[in-house]
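Participant: Quick one: this structure, given as structure tokens, is what I'll be asking you about.
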Amino acid sequence: MSLSVVFMGTPDFAVPTLSEIIGQGHDVVAVYTRAPKPAGRGMDEQKTPVHKLADRFGIPVFTPRTLRDAAAQADFASLNADVAVVVAYGLILPAPVLDAPALGCLNLHGSLLPRWRGAAPIQRAIMAGDAETGVMVMKMDEGLDTGPVGMVERIAITPDMTAQDLHDRMSVLGADLMVRALAALDRGSLAFSPQAEDGVTYAAKIDKTEARIDWRKPAAEVHNRIRGLSPFPGAWFEADLGKGRERVKVLRASLAEGSGAPGTVLNDTLAIACGEGAVRLVEVQRAGSKAMKAADFLNGAKIGPGTILG
């Protein structure tokens, strides 16, 4: 058996879930995604990754600016879907939309709810130094990620894992989890449990002002910020690389031995002193350049032991 599904999603993270739903034989009657945006030098409109996949399979695509007006809600209801699947869509679903599918709206969320409700659960979990997170299938209500949970898959956050690493792992595991949830929903065996009332935290959207590295912080905190913000927006420092001060993003780092004044380069492998301990820069990116290993960066940058990074 199969379900008629409206899929609602936008970025790369959502693509494996849509692909798996199609592959499992469900009838995707429509895809909702964000409207194309101008991009590139020619400012051609760039469709979202989900939009591009939908086009490949000939699935009708809707890109409303809002779902709060009556016309958009009527269009959604007219699809007569069994269920809506929502993965990083980007628009609020008001009550008439949530109530339209016969079996409700299922959301794939990247945390162990109720921890890290909100916009940036992957980044916030790493930045907080969490050792574990997960993906959950939740039945949506009008709250912010407050609905009951039907299925969960736990994921260990390894010591040097970046937000991109975790994102990629979650997107694949989440796709598998969602199709298992849809199969259970089709059988009438998907049970939902209310979220715990304790342990609620919120994953606020990442602000670019958070990205500047403060070497006065303990090394563990600096390390977590670097990997939690990699690759976007990218934690950064400033330094004089021989042609004036430049901003350099740090995409990968590891904890290191050593101590000194915060921001001091300790050796020729780019170990940097923090408020407590040190971190070693593993992969960096100069403005206008591609990401590179620390050794390659040092070949073109005049940074040596004793240099103070801004």
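Each chain in the structure tokens gets a letter, A, B, ..., in the order shown, and its residues are numbered from 1; ligands are numbered from 1 in order too.
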If we count only C-alpha atoms and set the cut-off at 12 Å, which residues sit around Asp198 (chain A), ignoring sequence neighbours fewer than 4 positions away in its own chain? Please answer as a list in words.

Facilitator: Leu113, Pro114, Arg115 and Pro194 of chain A

Participant: Take the residues that were just selected and, keeping all heavy atoms, output them as an mmCIF file, in the first residue's frame.

Facilitator:
data_model
loop_
_atom_site.group_PDB
_atom_site.id
_atom_site.type_symbol
_atom_site.label_atom_id
_atom_site.label_comp_id
_atom_site.auth_asym_id
_atom_site.auth_seq_id
_atom_site.Cartn_x
_atom_site.Cartn_y
_atom_site.Cartn_z
ATOM 1 N N LEU A 113 14.307 15.901 20.910
ATOM 2 C CA LEU A 113 13.331 16.766 21.558
ATOM 3 C C LEU A 113 12.960 16.245 22.949
ATOM 4 O O LEU A 113 12.927 15.030 23.161
ATOM 5 C CB LEU A 113 12.073 16.856 20.678
ATOM 6 C CG LEU A 113 12.282 17.545 19.332
ATOM 7 C CD1 LEU A 113 11.090 17.310 18.413
ATOM 8 C CD2 LEU A 113 12.527 19.033 19.514
ATOM 9 N N PRO A 114 12.763 17.186 23.905
ATOM 10 C CA PRO A 114 12.554 18.629 23.720
ATOM 11 C C PRO A 114 13.841 19.464 23.705
ATOM 12 O O PRO A 114 13.752 20.689 23.741
ATOM 13 C CB PRO A 114 11.704 18.997 24.929
ATOM 14 C CG PRO A 114 12.192 18.088 26.007
ATOM 15 C CD PRO A 114 12.472 16.770 25.308
ATOM 16 N N ARG A 115 15.014 18.828 23.677
ATOM 17 C CA ARG A 115 16.250 19.597 23.582
ATOM 18 C C ARG A 115 16.418 20.120 22.163
ATOM 19 O O ARG A 115 16.234 19.378 21.195
ATOM 20 C CB ARG A 115 17.434 18.734 23.992
ATOM 21 C CG ARG A 115 18.772 19.508 24.047
ATOM 22 C CD ARG A 115 19.814 18.725 24.832
ATOM 23 N NE ARG A 115 21.129 19.366 24.845
ATOM 24 C CZ ARG A 115 21.468 20.398 25.617
ATOM 25 N NH1 ARG A 115 20.577 20.921 26.432
ATOM 26 N NH2 ARG A 115 22.688 20.915 25.581
ATOM 27 N N PRO A 194 3.873 12.088 24.029
ATOM 28 C CA PRO A 194 4.144 13.507 24.305
ATOM 29 C C PRO A 194 5.609 13.719 24.674
ATOM 30 O O PRO A 194 6.257 12.841 25.246
ATOM 31 C CB PRO A 194 3.229 13.826 25.493
ATOM 32 C CG PRO A 194 2.212 12.738 25.507
ATOM 33 C CD PRO A 194 2.876 11.520 24.949
#

Participant: Listing only residues of region 115-229 of chain A within 12 Å of region 233-236 of chain A, what is the closest atom pair and its distance in Å (to one decimal) for each, using only C-alpha atoms, sorted by chain and residue number ascending, as a Markdown table?

Facilitator:
| residue | atom | partner | partner_atom | distance |
| --- | --- | --- | --- | --- |
| A:Gln123 | CA | A:Pro233 | CA | 10.6 |
| A:Met127 | CA | A:Ala235 | CA | 11.3 |
| A:Thr162 | CA | A:Gly234 | CA | 10.7 |
| A:Ala163 | CA | A:Gly234 | CA | 10.2 |
| A:Gln164 | CA | A:Gly234 | CA | 10.9 |
| A:Lys205 | CA | A:Pro233 | CA | 11.5 |
| A:Ile206 | CA | A:Pro233 | CA | 8.3 |
| A:Asp207 | CA | A:Pro233 | CA | 8.6 |
| A:Lys208 | CA | A:Pro233 | CA | 6.5 |
| A:Thr209 | CA | A:Pro233 | CA | 9.7 |
| A:Glu210 | CA | A:Ala235 | CA | 7.9 |
| A:Ala211 | CA | A:Ala235 | CA | 4.4 |
| A:Arg212 | CA | A:Trp236 | CA | 5.1 |
| A:Ile213 | CA | A:Trp236 | CA | 5.7 |
| A:Asp214 | CA | A:Trp236 | CA | 9.3 |
| A:Trp215 | CA | A:Trp236 | CA | 10.7 |
| A:Val222 | CA | A:Ala235 | CA | 9.2 |
| A:His223 | CA | A:Ala235 | CA | 9.8 |
| A:Asn224 | CA | A:Ala235 | CA | 10.2 |
| A:Arg225 | CA | A:Ala235 | CA | 7.0 |
| A:Ile226 | CA | A:Ala235 | CA | 5.2 |
| A:Arg227 | CA | A:Ala235 | CA | 8.2 |
| A:Gly228 | CA | A:Gly234 | CA | 8.5 |
| A:Leu229 | CA | A:Gly234 | CA | 5.0 |

Participant: Could you write those residues out with N, CA and C atoms, as an mmCIF file, in the first residue's frame?

Facilitator:
data_model
loop_
_atom_site.group_PDB
_atom_site.id
_atom_site.type_symbol
_atom_site.label_atom_id
_atom_site.label_comp_id
_atom_site.auth_asym_id
_atom_site.auth_seq_id
_atom_site.Cartn_x
_atom_site.Cartn_y
_atom_site.Cartn_z
ATOM 1 N N GLN A 123 23.715 22.803 14.739
ATOM 2 C CA GLN A 123 24.820 23.674 15.161
ATOM 3 C C GLN A 123 24.846 23.851 16.678
ATOM 4 N N MET A 127 27.873 23.113 19.333
ATOM 5 C CA MET A 127 28.429 24.260 20.043
ATOM 6 C C MET A 127 28.306 24.101 21.556
ATOM 7 N N THR A 162 31.979 17.979 12.665
ATOM 8 C CA THR A 162 31.514 19.331 12.354
ATOM 9 C C THR A 162 30.000 19.320 12.094
ATOM 10 N N ALA A 163 29.435 20.521 11.999
ATOM 11 C CA ALA A 163 28.015 20.636 11.686
ATOM 12 C C ALA A 163 27.710 20.003 10.325
ATOM 13 N N GLN A 164 28.618 20.153 9.359
ATOM 14 C CA GLN A 164 28.400 19.537 8.050
ATOM 15 C C GLN A 164 28.418 18.019 8.147
ATOM 16 N N LYS A 205 18.411 30.713 15.752
ATOM 17 C CA LYS A 205 19.093 30.850 14.465
ATOM 18 C C LYS A 205 20.491 31.413 14.683
ATOM 19 N N ILE A 206 21.460 30.896 13.928
ATOM 20 C CA ILE A 206 22.836 31.346 14.057
ATOM 21 C C ILE A 206 22.970 32.779 13.547
ATOM 22 N N ASP A 207 23.565 33.625 14.373
ATOM 23 C CA ASP A 207 23.838 35.004 13.978
ATOM 24 C C ASP A 207 25.313 35.103 13.586
ATOM 25 N N LYS A 208 25.593 35.811 12.520
ATOM 26 C CA LYS A 208 26.975 35.914 12.037
ATOM 27 C C LYS A 208 27.905 36.553 13.065
ATOM 28 N N THR A 209 27.321 37.321 13.994
ATOM 29 C CA THR A 209 28.162 37.940 15.019
ATOM 30 C C THR A 209 28.742 36.913 15.978
ATOM 31 N N GLU A 210 28.214 35.701 15.973
ATOM 32 C CA GLU A 210 28.718 34.637 16.836
ATOM 33 C C GLU A 210 29.972 33.979 16.278
ATOM 34 N N ALA A 211 30.318 34.297 15.045
ATOM 35 C CA ALA A 211 31.345 33.530 14.341
ATOM 36 C C ALA A 211 32.773 33.943 14.662
ATOM 37 N N ARG A 212 32.990 35.137 15.211
ATOM 38 C CA ARG A 212 34.353 35.556 15.508
ATOM 39 C C ARG A 212 34.898 34.751 16.683
ATOM 40 N N ILE A 213 36.077 34.168 16.518
ATOM 41 C CA ILE A 213 36.672 33.335 17.560
ATOM 42 C C ILE A 213 37.209 34.207 18.686
ATOM 43 N N ASP A 214 36.855 33.850 19.892
ATOM 44 C CA ASP A 214 37.381 34.521 21.081
ATOM 45 C C ASP A 214 38.387 33.568 21.720
ATOM 46 N N TRP A 215 39.665 33.825 21.466
ATOM 47 C CA TRP A 215 40.711 32.920 21.965
ATOM 48 C C TRP A 215 40.814 32.930 23.489
ATOM 49 N N VAL A 222 36.198 26.882 22.356
ATOM 50 C CA VAL A 222 36.624 27.360 21.043
ATOM 51 C C VAL A 222 36.467 26.256 20.001
ATOM 52 N N HIS A 223 36.893 25.074 20.354
ATOM 53 C CA HIS A 223 36.808 23.924 19.441
ATOM 54 C C HIS A 223 35.361 23.636 19.060
ATOM 55 N N ASN A 224 34.462 23.641 20.049
ATOM 56 C CA ASN A 224 33.057 23.361 19.769
ATOM 57 C C ASN A 224 32.437 24.427 18.878
ATOM 58 N N ARG A 225 32.830 25.675 19.079
ATOM 59 C CA ARG A 225 32.302 26.750 18.237
ATOM 60 C C ARG A 225 32.800 26.588 16.802
ATOM 61 N N ILE A 226 34.067 26.262 16.636
ATOM 62 C CA ILE A 226 34.616 26.080 15.288
ATOM 63 C C ILE A 226 33.863 24.991 14.547
ATOM 64 N N ARG A 227 33.711 23.836 15.170
ATOM 65 C CA ARG A 227 33.073 22.730 14.453
ATOM 66 C C ARG A 227 31.562 22.919 14.325
ATOM 67 N N GLY A 228 30.944 23.620 15.287
ATOM 68 C CA GLY A 228 29.519 23.872 15.189
ATOM 69 C C GLY A 228 29.149 24.868 14.109
ATOM 70 N N LEU A 229 30.090 25.722 13.727
ATOM 71 C CA LEU A 229 29.825 26.729 12.700
ATOM 72 C C LEU A 229 30.457 26.378 11.357
#

Participant: Ranking A:Pro64, A:Gly134, A:Met140, A:His167 by minimum distance to Pro94 (chain A) and counting only C-alpha atoms, which one comes first?

Facilitator: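 Looking at the shortest contact to Pro94 (chain A), the residue is A:Met140.
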
Participant: Got a sec to tell me which of region 28-182 of chain A DSSP assigns to helix (DSSP H, G or I), as a ChimeraX atom specification?

Facilitator: /A:49-56,70-77,95-98,121-127,163-182

Participant: Grab the residues selected above and save them as an mmCIF file, in the first residue's frame with C-alpha atoms.

Facilitator:
data_model
loop_
_atom_site.group_PDB
_atom_site.id
_atom_site.type_symbol
_atom_site.label_atom_id
_atom_site.label_comp_id
_atom_site.auth_asym_id
_atom_site.auth_seq_id
_atom_site.Cartn_x
_atom_site.Cartn_y
_atom_site.Cartn_z
ATOM 1 C CA PRO A 49 17.425 21.548 -4.052
ATOM 2 C CA VAL A 50 13.992 20.083 -3.268
ATOM 3 C CA HIS A 51 12.445 21.962 -6.199
ATOM 4 C CA LYS A 52 15.067 20.530 -8.567
ATOM 5 C CA LEU A 53 14.381 16.961 -7.429
ATOM 6 C CA ALA A 54 10.631 17.451 -7.788
ATOM 7 C CA ASP A 55 11.133 18.691 -11.343
ATOM 8 C CA ARG A 56 13.123 15.544 -12.179
ATOM 9 C CA ALA A 70 -7.254 31.614 2.589
ATOM 10 C CA ALA A 71 -6.360 30.991 -1.049
ATOM 11 C CA ALA A 72 -3.111 29.177 -0.196
ATOM 12 C CA GLN A 73 -4.910 27.114 2.435
ATOM 13 C CA ALA A 74 -7.645 26.172 -0.041
ATOM 14 C CA ASP A 75 -5.034 25.084 -2.604
ATOM 15 C CA PHE A 76 -3.366 22.904 0.009
ATOM 16 C CA ALA A 77 -6.629 21.314 1.160
ATOM 17 C CA ALA A 95 -3.911 25.338 11.853
ATOM 18 C CA PRO A 96 -5.943 24.992 8.612
ATOM 19 C CA VAL A 97 -2.877 23.516 6.880
ATOM 20 C CA LEU A 98 -1.969 21.259 9.808
ATOM 21 C CA PRO A 121 19.509 22.252 16.330
ATOM 22 C CA ILE A 122 22.523 20.711 14.575
ATOM 23 C CA GLN A 123 24.820 23.674 15.161
ATOM 24 C CA ARG A 124 23.633 24.338 18.695
ATOM 25 C CA ALA A 125 24.119 20.728 19.802
ATOM 26 C CA ILE A 126 27.754 20.777 18.704
ATOM 27 C CA MET A 127 28.429 24.260 20.043
ATOM 28 C CA ALA A 163 28.015 20.636 11.686
ATOM 29 C CA GLN A 164 28.400 19.537 8.050
ATOM 30 C CA ASP A 165 29.408 16.018 9.097
ATOM 31 C CA LEU A 166 26.409 15.741 11.407
ATOM 32 C CA HIS A 167 24.074 17.308 8.842
ATOM 33 C CA ASP A 168 25.052 14.724 6.229
ATOM 34 C CA ARG A 169 24.632 11.810 8.608
ATOM 35 C CA MET A 170 21.312 13.084 9.897
ATOM 36 C CA SER A 171 19.882 13.643 6.425
ATOM 37 C CA VAL A 172 20.461 10.000 5.456
ATOM 38 C CA LEU A 173 19.318 8.498 8.770
ATOM 39 C CA GLY A 174 16.354 10.851 8.842
ATOM 40 C CA ALA A 175 15.215 9.788 5.398
ATOM 41 C CA ASP A 176 15.218 6.145 6.450
ATOM 42 C CA LEU A 177 13.417 7.008 9.687
ATOM 43 C CA MET A 178 10.683 8.916 7.877
ATOM 44 C CA VAL A 179 9.898 6.163 5.390
ATOM 45 C CA ARG A 180 9.730 3.685 8.277
ATOM 46 C CA ALA A 181 7.352 6.051 10.036
ATOM 47 C CA LEU A 182 5.188 6.329 6.910
#

Participant: Just to confirm, what's the straight-line distance from CA of Thr133 (chain A) to CA of Ile157 (chain A) in Å (one decimal)?

Facilitator: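 Atom-to-atom, CA of Thr133 (chain A) and CA of Ile157 (chain A) are spaced 6.9 Å apart.
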
Participant: Which neighbours of Gly242 (chain A) fall inside 10 Å, counting only C-alpha atoms, when residues of the same chain fewer than 3 positions from it are skipped, and could you give them as a list of chain:residue names?

Facilitator: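 These residues fall inside the cut-off: A:Ala239, A:Arg245, A:Glu246, A:Gly300, A:Ala301, A:Lys302, A:Ile303.
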
Participant: Would you pick out the contacts of Thr146 (chain A) at 10 Å or less, using only C-alpha atoms, so that residues sharing its chain but fewer than 4 positions from it are not included, and give the list as a PDB file with N, CA, C and O atoms, in the first residue's frame?

Facilitator:
ATOM      1  N   LEU A 113      14.307  15.901  20.910  1.00  0.00           N
ATOM      2  CA  LEU A 113      13.331  16.766  21.558  1.00  0.00           C
ATOM      3  C   LEU A 113      12.960  16.245  22.949  1.00  0.00           C
ATOM      4  O   LEU A 113      12.927  15.030  23.161  1.00  0.00           O
ATOM      5  N   PRO A 114      12.763  17.186  23.905  1.00  0.00           N
ATOM      6  CA  PRO A 114      12.554  18.629  23.720  1.00  0.00           C
ATOM      7  C   PRO A 114      13.841  19.464  23.705  1.00  0.00           C
ATOM      8  O   PRO A 114      13.752  20.689  23.741  1.00  0.00           O
ATOM      9  N   ARG A 117      14.737  22.634  20.390  1.00  0.00           N
ATOM     10  CA  ARG A 117      13.644  23.047  19.517  1.00  0.00           C
ATOM     11  C   ARG A 117      14.092  24.299  18.758  1.00  0.00           C
ATOM     12  O   ARG A 117      14.822  25.120  19.288  1.00  0.00           O
ATOM     13  N   GLY A 118      13.636  24.425  17.511  1.00  0.00           N
ATOM     14  CA  GLY A 118      13.930  25.655  16.803  1.00  0.00           C
ATOM     15  C   GLY A 118      14.777  25.488  15.560  1.00  0.00           C
ATOM     16  O   GLY A 118      14.917  24.392  15.021  1.00  0.00           O
ATOM     17  N   MET A 138       8.015  13.684  14.285  1.00  0.00           N
ATOM     18  CA  MET A 138       7.087  14.315  15.219  1.00  0.00           C
ATOM     19  C   MET A 138       5.806  14.664  14.481  1.00  0.00           C
ATOM     20  O   MET A 138       5.832  15.071  13.314  1.00  0.00           O
ATOM     21  N   LYS A 139       4.661  14.516  15.144  1.00  0.00           N
ATOM     22  CA  LYS A 139       3.394  14.990  14.588  1.00  0.00           C
ATOM     23  C   LYS A 139       3.251  16.460  14.939  1.00  0.00           C
ATOM     24  O   LYS A 139       3.288  16.830  16.110  1.00  0.00           O
ATOM     25  N   MET A 140       3.103  17.294  13.944  1.00  0.00           N
ATOM     26  CA  MET A 140       3.150  18.726  14.157  1.00  0.00           C
ATOM     27  C   MET A 140       1.880  19.265  14.788  1.00  0.00           C
ATOM     28  O   MET A 140       0.770  18.798  14.498  1.00  0.00           O
ATOM     29  N   ASP A 141       2.066  20.251  15.671  1.00  0.00           N
ATOM     30  CA  ASP A 141       0.966  21.048  16.183  1.00  0.00           C
ATOM     31  C   ASP A 141       1.333  22.514  15.972  1.00  0.00           C
ATOM     32  O   ASP A 141       2.293  22.823  15.267  1.00  0.00           O
ATOM     33  N   GLU A 142       0.596  23.421  16.583  1.00  0.00           N
ATOM     34  CA  GLU A 142       0.829  24.843  16.339  1.00  0.00           C
ATOM     35  C   GLU A 142       2.009  25.409  17.122  1.00  0.00           C
ATOM     36  O   GLU A 142       2.392  26.556  16.919  1.00  0.00           O
ATOM     37  N   PRO A 194       3.873  12.088  24.029  1.00  0.00           N
ATOM     38  CA  PRO A 194       4.144  13.507  24.305  1.00  0.00           C
ATOM     39  C   PRO A 194       5.609  13.719  24.674  1.00  0.00           C
ATOM     40  O   PRO A 194       6.257  12.841  25.246  1.00  0.00           O
ATOM     41  N   GLN A 195       6.134  14.881  24.338  1.00  0.00           N
ATOM     42  CA  GLN A 195       7.494  15.223  24.732  1.00  0.00           C
ATOM     43  C   GLN A 195       7.563  15.448  26.241  1.00  0.00           C
ATOM     44  O   GLN A 195       6.594  15.836  26.870  1.00  0.00           O
ATOM     45  N   ALA A 196       8.748  15.209  26.786  1.00  0.00           N
ATOM     46  CA  ALA A 196       8.967  15.473  28.208  1.00  0.00           C
ATOM     47  C   ALA A 196       8.821  16.963  28.474  1.00  0.00           C
ATOM     48  O   ALA A 196       9.118  17.805  27.613  1.00  0.00           O
ATOM     49  N   GLU A 197       8.378  17.285  29.668  1.00  0.00           N
ATOM     50  CA  GLU A 197       8.234  18.692  30.050  1.00  0.00           C
ATOM     51  C   GLU A 197       9.559  19.280  30.540  1.00  0.00           C
ATOM     52  O   GLU A 197       9.743  20.502  30.511  1.00  0.00           O
ATOM     53  N   VAL A 200      13.757  21.283  28.182  1.00  0.00           N
ATOM     54  CA  VAL A 200      13.490  22.069  26.979  1.00  0.00           C
ATOM     55  C   VAL A 200      14.601  23.102  26.769  1.00  0.00           C
ATOM     56  O   VAL A 200      14.946  23.853  27.688  1.00  0.00           O
TER      57      VAL A 200
END

Participant: Might you pull out every residue within 6 Å of Val149 (chain A), with only C-alpha atoms counted and same-chain residues fewer than 3 positions away left off, and present them as number ranges by chain?

Facilitator: A: 137-138, 192-193

Participant: Excluding region 59-62 of chain A and its own-chain neighbours fewer than 5 positions away, which residues fall within 6 Å of it when counting only C-alpha atoms? Please give them as an NGL selection string.

Facilitator: :A and (30-32 or 54)

Participant: If we count only C-alpha atoms and set the cut-off at 6 Å, which residues sit around Phe237 (chain A), ignoring sequence neighbours fewer than 3 positions away in its own chain? Please answer as a ChimeraX atom specification.

Facilitator: /A:213,247-248,310

Participant: Rounded to one decimal in Å, what is the spacing between CA of Arg252 (chain A) and CA of Gly129 (chain A)?

Facilitator: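 Going from CA of Arg252 (chain A) over to CA of Gly129 (chain A) covers 15.3 Å.
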
Participant: Mind checking DSSP for region 49-182 of chain A and telling me the strand (DSSP E) residues as a PyMOL selection string?

Facilitator: chain A and resi 61-62+83-87+105-109+117-118+132-139+149-156

Participant: Rank nothing, just name the residue among A:Pro38, A:Leu3, A:Met151, A:Glu221 nearest to Ile22 (chain A), using only C-alpha atoms.

Facilitator: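 Distance minimum relative to Ile22 (chain A) lands on A:Leu3.
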
Participant: In terms of the shortest atom-to-atom distance over only C-alpha atoms, which of A:Ser78, A:Ser4, A:Thr10, A:Ser111 is closest to Gln24 (chain A)?

Facilitator: A:Ser4

Participant: What is the CA of Gly23 (chain A) to CA of Leu103 (chain A) distance in Å?

Facilitator: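 Going from CA of Gly23 (chain A) over to CA of Leu103 (chain A), I get 20.7 Å.
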